[in-house]
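Written below as structure tokens is the structure these notes are about.
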Amino acid sequence: MTTAPTMRAFEILALAALCSAGLLSGGPALAEAPEAGEPAEERFIQAVSPEELGKIVAENGDRPTLINFWATWCPPCLKEMPEFVRFVEEYPDEKVRFLSVSVDHPDTIERRVRPYVEEEDLPFSVWVYAGMPDEAAEHLPFALGGAVPVTVVLDANGEVVRLWEEEIVFDDLETAVGPLLSGDGA
């Protein structure tokens, strides 16, 4: 006879398998995150520790990096998301690396983050930050205050060029990144 806790564990594992296969989301599953240093061939959603995020940010490939910290529960974050979609479409990854980092709790990836990413058909991968804001300063070249949205532009050397702790528009991004691509930046 199967006990209730054993049956519950089985149900959780079965649901996890269905979610990862994309069978409960109504659409195809997003790819697994690549190993550090490997290029991403497809979009993915992946939880990331502060240490891992620090390593990912440091692997800039000698190009500027744009990082957006956002959450599904943040109206200004969702309002500015089309600006990042436009940026990714106009600035290829070979020139500027874009990192989308959700600060939603990692336990909500299947319930909140993935449905939002799929509904909006975001053309980029999403890292889900699994740490506290104060932990970021130990691993990143900038500190997080705890509020979102936060957008950071790093030059090819990983130095902070611009940091916004507010909603931004495409022109803000272009003004900060443009000089870095033309050789006039920091």
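Scheme for the structure tokens: letters A, B, ... for chains in order shown; per-chain residue numbers from 1; ligand numbers from 1 in order shown.
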Each residue of stretch 39-136 of chain A with at least one atom at most 7 Å from stretch 144-160 of chain A should appear once, together with its nearest atom pair and the corresponding distance in Å (one decimal); atoms considered: only C-alpha atoms; ordering: chain, then increasing residue number; output as CSV.
```
residue,atom,partner,partner_atom,distance
A:Ala58,CA,A:Gly158,CA,6.7
A:Asn60,CA,A:Ala156,CA,6.9
A:Asp62,CA,A:Ala156,CA,4.7
A:Arg63,CA,A:Ala156,CA,4.2
A:Pro64,CA,A:Asp155,CA,4.4
A:Thr65,CA,A:Leu154,CA,5.1
A:Leu66,CA,A:Val153,CA,4.6
A:Ile67,CA,A:Val152,CA,5.1
A:Asn68,CA,A:Thr151,CA,4.4
A:Phe69,CA,A:Val150,CA,5.1
A:Trp70,CA,A:Pro149,CA,5.0
A:Pro76,CA,A:Pro149,CA,6.9
A:Cys77,CA,A:Pro149,CA,5.4
A:Pro133,CA,A:Leu144,CA,5.3
A:Asp134,CA,A:Leu144,CA,6.6
A:Ala136,CA,A:Leu144,CA,6.4
```
Keeping only C-alpha atoms, write those residues as a PDB file, in the first residue's frame.
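As a result, selection02.pdb now contains:
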```
ATOM      1  CA  ALA A  58      31.985  38.422 -16.138  1.00  0.00           C
ATOM      2  CA  ASN A  60      31.105  39.308 -21.535  1.00  0.00           C
ATOM      3  CA  ASP A  62      34.767  41.631 -24.827  1.00  0.00           C
ATOM      4  CA  ARG A  63      31.528  43.377 -25.696  1.00  0.00           C
ATOM      5  CA  PRO A  64      29.165  45.683 -23.807  1.00  0.00           C
ATOM      6  CA  THR A  65      26.522  44.012 -21.634  1.00  0.00           C
ATOM      7  CA  LEU A  66      23.018  45.227 -20.878  1.00  0.00           C
ATOM      8  CA  ILE A  67      21.366  43.673 -17.810  1.00  0.00           C
ATOM      9  CA  ASN A  68      17.726  44.168 -16.842  1.00  0.00           C
ATOM     10  CA  PHE A  69      16.431  43.102 -13.418  1.00  0.00           C
ATOM     11  CA  TRP A  70      12.655  42.795 -13.407  1.00  0.00           C
ATOM     12  CA  PRO A  76       6.875  49.327 -14.505  1.00  0.00           C
ATOM     13  CA  CYS A  77       8.990  46.249 -15.345  1.00  0.00           C
ATOM     14  CA  PRO A 133      19.774  41.929  -3.207  1.00  0.00           C
ATOM     15  CA  ASP A 134      22.695  42.483  -0.822  1.00  0.00           C
ATOM     16  CA  ALA A 136      24.688  40.748  -5.565  1.00  0.00           C
TER      17      ALA A 136
END
```
task = Quick one: pick out all strand (DSSP E or B) residues within stretch 49-85 of chain A from a backbone DSSP run and write them as a PyMOL selection string.
result = chain A and resi 65-70
Please save N, CA and C atoms of the selected residues as a compact mmCIF listing (two decimals), in the first residue's frame.
```
# COMPACT_ATOMS: atom_id res chain seq x y z
N THR A 65 27.59 44.87 -22.17
CA THR A 65 26.52 44.01 -21.63
C THR A 65 25.42 44.89 -21.07
N LEU A 66 24.20 44.56 -21.41
CA LEU A 66 23.02 45.23 -20.88
C LEU A 66 22.30 44.21 -20.00
N ILE A 67 22.03 44.58 -18.75
CA ILE A 67 21.37 43.67 -17.81
C ILE A 67 20.10 44.35 -17.30
N ASN A 68 18.99 43.65 -17.36
CA ASN A 68 17.73 44.17 -16.84
C ASN A 68 17.23 43.25 -15.74
N PHE A 69 17.03 43.81 -14.54
CA PHE A 69 16.43 43.10 -13.42
C PHE A 69 14.97 43.51 -13.35
N TRP A 70 14.08 42.53 -13.32
CA TRP A 70 12.66 42.80 -13.41
C TRP A 70 11.89 41.71 -12.65
```
Å distance separating atom CA of A:Glu59 from atom CA of A:Asp93, one decimal place = 13.1 Å
Residue neighbourhood stretch 111-128 of chain A, 6 Å, only C-alpha atoms, exclusion window fewer than 6 positions, as a VMD selection string = chain A and resid 43 to 48 100 to 103
message = What's around A:Gly54 at 7 Å? Count only C-alpha atoms, leave out sequence neighbours fewer than 3 positions away in its own chain, and write the answer as a list in words.
response = Pro50, Glu51, Val57, Ala58, His139 and Leu140 of chain A
Create the file for the chosen residues now, containing C-alpha atoms and written as a short mmCIF file (atom, residue, chain, number, x, y, z; two decimals), in the first residue's frame.
```cif
data_model
loop_
_atom_site.label_atom_id
_atom_site.label_comp_id
_atom_site.auth_asym_id
_atom_site.auth_seq_id
_atom_site.Cartn_x
_atom_site.Cartn_y
_atom_site.Cartn_z
CA PRO A 50 24.44 35.22 -6.95
CA GLU A 51 27.79 33.48 -7.55
CA VAL A 57 28.18 38.70 -16.12
CA ALA A 58 31.99 38.42 -16.14
CA HIS A 139 29.60 38.96 -7.08
CA LEU A 140 28.65 41.78 -9.46
#
```
query = Any idea what the distance is between atom CA of A:Leu53 and atom CA of A:Pro141?
reply = 11.2 Å
request  = Could you pull out the residues in stretch 105-180 of chain A that DSSP calls helix (DSSP H, G or I) from the backbone, as a PyMOL selection string?
outcome  = chain A and resi 106-120+133-139+170-180
ask   = Mind pulling up the distance from atom CA of A:Leu180 to atom CA of A:Arg97?
value =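 Here the two named atoms are 12.3 Å from each other.
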task = Would you please work out which residue, of A:Cys74, A:Ala137, A:Met132, A:Ile56, is nearest to A:Phe98 when using only C-alpha atoms?
result =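 Checking each of A:Cys74, A:Ala137, A:Met132, A:Ile56 against A:Phe98, counting only C-alpha atoms, the winner is A:Ile56.
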